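Q: Provided herewith is a single structure, encoded as structure tokens, for subsequent inquiry.
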Amino acid sequence: MLPNTLTRKATAMEVMMSCFDDAVLIDHLSCDNTAYPASSLRAAHRTMQVHLECLVGQCPAKSAAHRALEEAGRLTPDSGRQRH
Ligand SMILES: [Zn+2]
């Protein structure tokens with residue numbers, strides 16, 4: 001017998017993948033959610049904004065967003081203050 005957790009994880013992932021929509025953004029903004037910030041650059045940017053008060057390395061969501069932006073070469077110094 002396989003534990004239900006395996007199936008459950010796959011299902012949760014599928015749900016997440018189909019839910020990247022601004023309307024449900026709120027659901028993705030918890031500090032524990034690293035799947036959302038890693039899903040797209042836009043999501044990563046949003047995450048950085050929302051987790052301004054959090055610290056990279058302490059907040060899993062911000063760390064994931066930071067890394068995604070860094071890998072994409074989109075990380076600008078002092079990005080929190082830039083608004084064009
Ligand atoms: Zn956070």
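Each chain in the structure tokens gets a letter, A, B and so on, in the order shown; residues start at 1 in every chain, and ligands are counted from 1 in the order they appear.
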8 Å from ligand 1 is the threshold here; counting only C-alpha atoms and all ligand atoms, which polymer residues fall inside it? Answer as a ChimeraX atom specification.
A: /A:29-32,50-55,58-62
Q: How would the residues just chosen look if you wrote them out with N, CA and C atoms as a CSV table (one decimal), in the first residue's frame?
A:
```csv
chain,number,residue,atom,x,y,z
A,29,LEU,N,0.7,33.9,-1.5
A,29,LEU,CA,1.6,34.8,-0.9
A,29,LEU,C,2.1,34.5,0.5
A,30,SER,N,1.9,33.3,0.9
A,30,SER,CA,2.4,33.0,2.2
A,30,SER,C,3.9,32.8,2.2
A,31,CYS,N,4.5,33.0,3.3
A,31,CYS,CA,6.0,32.8,3.3
A,31,CYS,C,6.4,31.4,3.1
A,32,ASP,N,5.5,30.5,3.3
A,32,ASP,CA,5.9,29.1,3.1
A,32,ASP,C,5.8,28.6,1.6
A,50,VAL,N,5.7,41.8,-2.1
A,50,VAL,CA,4.9,41.4,-1.0
A,50,VAL,C,5.7,41.1,0.2
A,51,HIS,N,6.9,40.5,0.0
A,51,HIS,CA,7.7,40.1,1.1
A,51,HIS,C,8.9,41.1,1.4
A,52,LEU,N,8.6,42.3,1.1
A,52,LEU,CA,9.6,43.4,1.3
A,52,LEU,C,10.2,43.3,2.7
A,53,GLU,N,9.3,43.1,3.7
A,53,GLU,CA,9.8,43.1,5.1
A,53,GLU,C,10.5,41.8,5.5
A,54,CYS,N,10.4,40.8,4.6
A,54,CYS,CA,11.0,39.5,4.9
A,54,CYS,C,12.5,39.5,4.5
A,55,LEU,N,13.2,38.6,5.0
A,55,LEU,CA,14.6,38.5,4.7
A,55,LEU,C,14.9,37.3,3.8
A,58,GLN,N,15.6,33.8,5.2
A,58,GLN,CA,14.7,33.4,6.3
A,58,GLN,C,13.3,33.1,5.8
A,59,CYS,N,12.9,33.9,4.8
A,59,CYS,CA,11.6,33.7,4.2
A,59,CYS,C,11.7,32.8,3.0
A,60,PRO,N,11.2,31.6,3.0
A,60,PRO,CA,11.3,30.6,1.9
A,60,PRO,C,10.8,31.2,0.6
A,61,ALA,N,9.6,31.9,0.7
A,61,ALA,CA,9.0,32.5,-0.5
A,61,ALA,C,9.9,33.5,-1.2
A,62,LYS,N,10.5,34.4,-0.3
A,62,LYS,CA,11.3,35.5,-0.8
A,62,LYS,C,12.6,34.9,-1.4
```
Q: Could you tell me how far CA of Gln49 in chain A lies from CA of Ala72 in chain A, in Å and to one decimal?
A: 17.2 Å
Q: Could you check how far CA of Arg74 in chain A sits from CA of Asn33 in chain A, in Å to one decimal?
A: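 One can read the CA of Arg74 in chain A to CA of Asn33 in chain A distance as 20.8 Å.
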Q: Fewer than 3 positions away in the same chain doesn't count, so skip those; otherwise give me all residues within 9 Å of Leu69 in chain A, counting only C-alpha atoms, as number ranges by chain.
A: A: 38, 41, 44-45, 64-66, 72-75
